[in-house]
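Before any comments, here is the structure.
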Amino acid sequence: MKSSITPARDAIAVRRAVARDAKRLTRLVRGSRAYEGQYAAMVAGYRVGPDYIEAHKVLVAVDTDDPAGRVLGFYSLVLVPPELDLLFVADGAQGRGIGRLLVEHMKAEARAAGLDRVRVVSHPPAEGFYRRVGALPTGTACANPPAVAWDRPELEFLIP
């Protein structure tokens, strides 16, 4: 079923993250409502640092109508081995098609890099989103305590 909310894509730009984005991206991860309750420990000390931004393809969706260029979401594509490592949309920006836009952008980046598939180890509540945007289930990533105390769905995007 398609969403009845049409994203205002003309007011959103996707650009490469830079070192000065690190604190904003870290706040977005740590403040995500998707990681409340039992999942809170996973992101409590998580940090998206300038070194991570430099080492991987990290791209951010920004609100072009906001003079400060408010970050609405971001993703990180690791090329070797191919994996969508992070994808977050700010809680207040969800439901506008930004996640779908970021996935479309990631697939284009993967295609340009010559990849034929991209793996995703999903946060359990996000599995439905990934399936809706075309990821196919491939298995389960087993819990790895103490870092991750629960099994996670493993999916992949096929890149034509």
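Just so we're on the same page: first chain in the structure tokens is A, next is B, and so on; residues restart at 1 for each chain, and ligands are numbered from 1 in the order they show up.
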Taking 4 positions as the minimum chain separation for residues in the same chain, which residues sit within 10 Å of Val48 in chain A when counting only C-alpha atoms? Answer as a short mmCIF file (atom, residue, chain, number, x, y, z; two decimals) with N, CA and C atoms, in the first residue's frame.
data_model
loop_
_atom_site.label_atom_id
_atom_site.label_comp_id
_atom_site.auth_asym_id
_atom_site.auth_seq_id
_atom_site.Cartn_x
_atom_site.Cartn_y
_atom_site.Cartn_z
N ALA A 19 32.82 16.44 8.05
CA ALA A 19 33.21 16.26 9.45
C ALA A 19 32.33 17.07 10.41
N ASP A 21 29.31 17.57 10.34
CA ASP A 21 28.00 16.92 10.53
C ASP A 21 28.04 15.87 11.63
N ALA A 22 29.20 15.46 12.07
CA ALA A 22 29.34 14.32 12.98
C ALA A 22 28.47 14.45 14.23
N LYS A 23 28.49 15.58 14.88
CA LYS A 23 27.70 15.73 16.12
C LYS A 23 26.21 15.66 15.83
N ARG A 24 25.77 16.28 14.74
CA ARG A 24 24.34 16.23 14.39
C ARG A 24 23.89 14.80 14.09
N LEU A 25 24.72 14.05 13.38
CA LEU A 25 24.36 12.67 13.04
C LEU A 25 24.36 11.80 14.29
N THR A 26 25.31 12.03 15.18
CA THR A 26 25.35 11.29 16.44
C THR A 26 24.09 11.57 17.26
N ARG A 27 23.69 12.84 17.34
CA ARG A 27 22.45 13.19 18.08
C ARG A 27 21.23 12.53 17.45
N LEU A 28 21.19 12.49 16.13
CA LEU A 28 20.06 11.87 15.45
C LEU A 28 19.97 10.38 15.81
N VAL A 29 21.10 9.68 15.81
CA VAL A 29 21.12 8.25 16.17
C VAL A 29 20.71 8.06 17.62
N ARG A 30 21.37 8.76 18.52
CA ARG A 30 21.11 8.57 19.95
C ARG A 30 19.70 9.00 20.36
N TYR A 52 34.65 8.19 10.78
CA TYR A 52 33.68 7.31 10.13
C TYR A 52 33.17 7.97 8.84
N ILE A 53 32.86 9.25 8.91
CA ILE A 53 32.37 10.00 7.75
C ILE A 53 33.41 10.00 6.64
N VAL A 58 28.89 8.49 3.49
CA VAL A 58 27.83 8.94 4.39
C VAL A 58 27.17 10.13 3.72
N LEU A 86 24.11 2.25 8.15
CA LEU A 86 23.22 3.10 8.95
C LEU A 86 22.20 3.75 8.03
#
Taking only range 14-104 of chain A into account, list the residues labelled alpha helix (DSSP H) by DSSP (computed from the backbone), as a tab-separated table (two decimals) with N, CA and C atoms, in the first residue's frame.
chain	number	residue	atom	x	y	z
A	22	ALA	N	29.20	15.46	12.07
A	22	ALA	CA	29.34	14.32	12.98
A	22	ALA	C	28.47	14.45	14.23
A	23	LYS	N	28.49	15.58	14.88
A	23	LYS	CA	27.70	15.73	16.12
A	23	LYS	C	26.21	15.66	15.83
A	24	ARG	N	25.77	16.28	14.74
A	24	ARG	CA	24.34	16.23	14.39
A	24	ARG	C	23.89	14.80	14.09
A	25	LEU	N	24.72	14.05	13.38
A	25	LEU	CA	24.36	12.67	13.04
A	25	LEU	C	24.36	11.80	14.29
A	26	THR	N	25.31	12.03	15.18
A	26	THR	CA	25.35	11.29	16.44
A	26	THR	C	24.09	11.57	17.26
A	27	ARG	N	23.69	12.84	17.34
A	27	ARG	CA	22.45	13.19	18.08
A	27	ARG	C	21.23	12.53	17.45
A	28	LEU	N	21.19	12.49	16.13
A	28	LEU	CA	20.06	11.87	15.45
A	28	LEU	C	19.97	10.38	15.81
A	29	VAL	N	21.10	9.68	15.81
A	29	VAL	CA	21.12	8.25	16.17
A	29	VAL	C	20.71	8.06	17.62
A	30	ARG	N	21.37	8.76	18.52
A	30	ARG	CA	21.11	8.57	19.95
A	30	ARG	C	19.70	9.00	20.36
A	40	ALA	N	17.59	0.78	23.74
A	40	ALA	CA	18.32	2.01	24.09
A	40	ALA	C	19.81	1.78	24.29
A	41	ALA	N	20.18	0.66	24.88
A	41	ALA	CA	21.59	0.41	25.17
A	41	ALA	C	22.43	0.34	23.90
A	42	MET	N	21.83	-0.05	22.79
A	42	MET	CA	22.60	-0.20	21.56
A	42	MET	C	23.15	1.13	21.04
A	43	VAL	N	22.41	2.22	21.26
A	43	VAL	CA	22.85	3.51	20.72
A	43	VAL	C	23.32	4.48	21.79
A	50	PRO	N	33.94	12.02	12.78
A	50	PRO	CA	34.52	12.50	11.52
A	50	PRO	C	35.32	11.41	10.80
A	51	ASP	N	35.97	10.53	11.56
A	51	ASP	CA	36.73	9.44	10.96
A	51	ASP	C	35.82	8.47	10.21
A	52	TYR	N	34.65	8.19	10.78
A	52	TYR	CA	33.68	7.31	10.13
A	52	TYR	C	33.17	7.97	8.84
A	53	ILE	N	32.86	9.25	8.91
A	53	ILE	CA	32.37	10.00	7.75
A	53	ILE	C	33.41	10.00	6.64
A	54	GLU	N	34.66	10.11	6.99
A	54	GLU	CA	35.72	10.10	5.98
A	54	GLU	C	35.93	8.73	5.37
A	55	ALA	N	35.76	7.68	6.17
A	55	ALA	CA	36.04	6.32	5.71
A	55	ALA	C	34.93	5.71	4.86
A	98	ILE	N	11.30	10.55	3.20
A	98	ILE	CA	12.74	10.78	3.26
A	98	ILE	C	13.51	9.46	3.31
A	99	GLY	N	13.01	8.50	4.07
A	99	GLY	CA	13.66	7.19	4.12
A	99	GLY	C	13.71	6.55	2.75
A	100	ARG	N	12.59	6.60	2.05
A	100	ARG	CA	12.51	6.04	0.69
A	100	ARG	C	13.48	6.79	-0.24
A	101	LEU	N	13.53	8.11	-0.12
A	101	LEU	CA	14.46	8.91	-0.92
A	101	LEU	C	15.91	8.50	-0.65
A	102	LEU	N	16.24	8.30	0.62
A	102	LEU	CA	17.61	7.90	0.97
A	102	LEU	C	17.93	6.51	0.42
A	103	VAL	N	16.97	5.59	0.47
A	103	VAL	CA	17.21	4.25	-0.09
A	103	VAL	C	17.42	4.34	-1.60
A	104	GLU	N	16.59	5.12	-2.28
A	104	GLU	CA	16.76	5.30	-3.73
A	104	GLU	C	18.15	5.88	-4.04
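Restricting the calculation to only C-alpha atoms, the smallest distance between Val62 in chain A and any of A:Arg33, A:Ala17, A:Ile12, A:Leu79 is found for A:Ile12.
Taking only C-alpha atoms into account, Val148 in chain A lies nearest to A:Val121 out of the set A:Ala108, A:Val121, A:Val80, A:Ala61.
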Show me a table, sorted first by chain and then by increasing residue number, of the residues of range 21-89 of chain A having an atom at most 12 Å from range 153-157 of chain A, each with its shortest atom pair and the distance in Å to one decimal, counting only C-alpha atoms and written as JSON lines.
{"residue": "A:Pro82", "atom": "CA", "partner": "A:Glu156", "partner_atom": "CA", "distance": 9.7}
{"residue": "A:Glu83", "atom": "CA", "partner": "A:Glu156", "partner_atom": "CA", "distance": 8.5}
{"residue": "A:Leu84", "atom": "CA", "partner": "A:Glu156", "partner_atom": "CA", "distance": 8.9}
{"residue": "A:Asp85", "atom": "CA", "partner": "A:Glu156", "partner_atom": "CA", "distance": 11.8}
Polymer residues at most 12 Å from Leu158 in chain A, only C-alpha atoms, same-chain spacing of 4 or more positions, as an NGL selection string: :A and (82-83 or 103-104 or 106-108 or 110-111 or 114-120 or 133-138)
What does the file look like for those residues with C-alpha atoms, as a short mmCIF file (atom, residue, chain, number, x, y, z; two decimals), in the first residue's frame?
data_model
loop_
_atom_site.label_atom_id
_atom_site.label_comp_id
_atom_site.auth_asym_id
_atom_site.auth_seq_id
_atom_site.Cartn_x
_atom_site.Cartn_y
_atom_site.Cartn_z
CA PRO A 82 28.64 -3.92 0.43
CA GLU A 83 26.37 -2.97 3.32
CA VAL A 103 17.21 4.25 -0.09
CA GLU A 104 16.76 5.30 -3.73
CA MET A 106 21.84 4.60 -1.81
CA LYS A 107 20.87 2.25 -4.64
CA ALA A 108 22.07 4.79 -7.21
CA ALA A 110 25.74 1.37 -5.15
CA ARG A 111 25.03 1.05 -8.87
CA GLY A 114 29.50 -1.32 -9.55
CA LEU A 115 27.75 -3.22 -6.76
CA ASP A 116 25.09 -5.81 -7.58
CA ARG A 117 23.65 -6.12 -4.06
CA VAL A 118 23.77 -4.36 -0.70
CA ARG A 119 23.29 -6.18 2.60
CA VAL A 120 21.25 -4.73 5.48
CA VAL A 133 11.34 -0.26 -0.19
CA GLY A 134 12.45 -3.45 -1.92
CA ALA A 135 14.85 -5.31 0.37
CA LEU A 136 14.55 -9.08 0.30
CA PRO A 137 14.96 -11.23 3.43
CA THR A 138 18.06 -13.43 3.42
#
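Shortest atom-to-atom contact with Leu59 in chain A among A:Ala44, A:Asp91, A:Glu109, A:Gln38: A:Glu109, counting only C-alpha atoms.
Rounded to one decimal, CA of Gly73 in chain A and CA of Gly97 in chain A lie 10.8 Å from each other.
Taking CA of Val60 in chain A and CA of Gly128 in chain A as the two end points, the separation is 22.1 Å.
Summary of the local environment: counting only C-alpha atoms, residues at most 7 Å from Arg152 in chain A, other than itself and those fewer than 2 positions away along its chain, are Val121, Ser122, His123, Pro124, Thr140, Ala141, Cys142, Trp150 and Glu154 of chain A.
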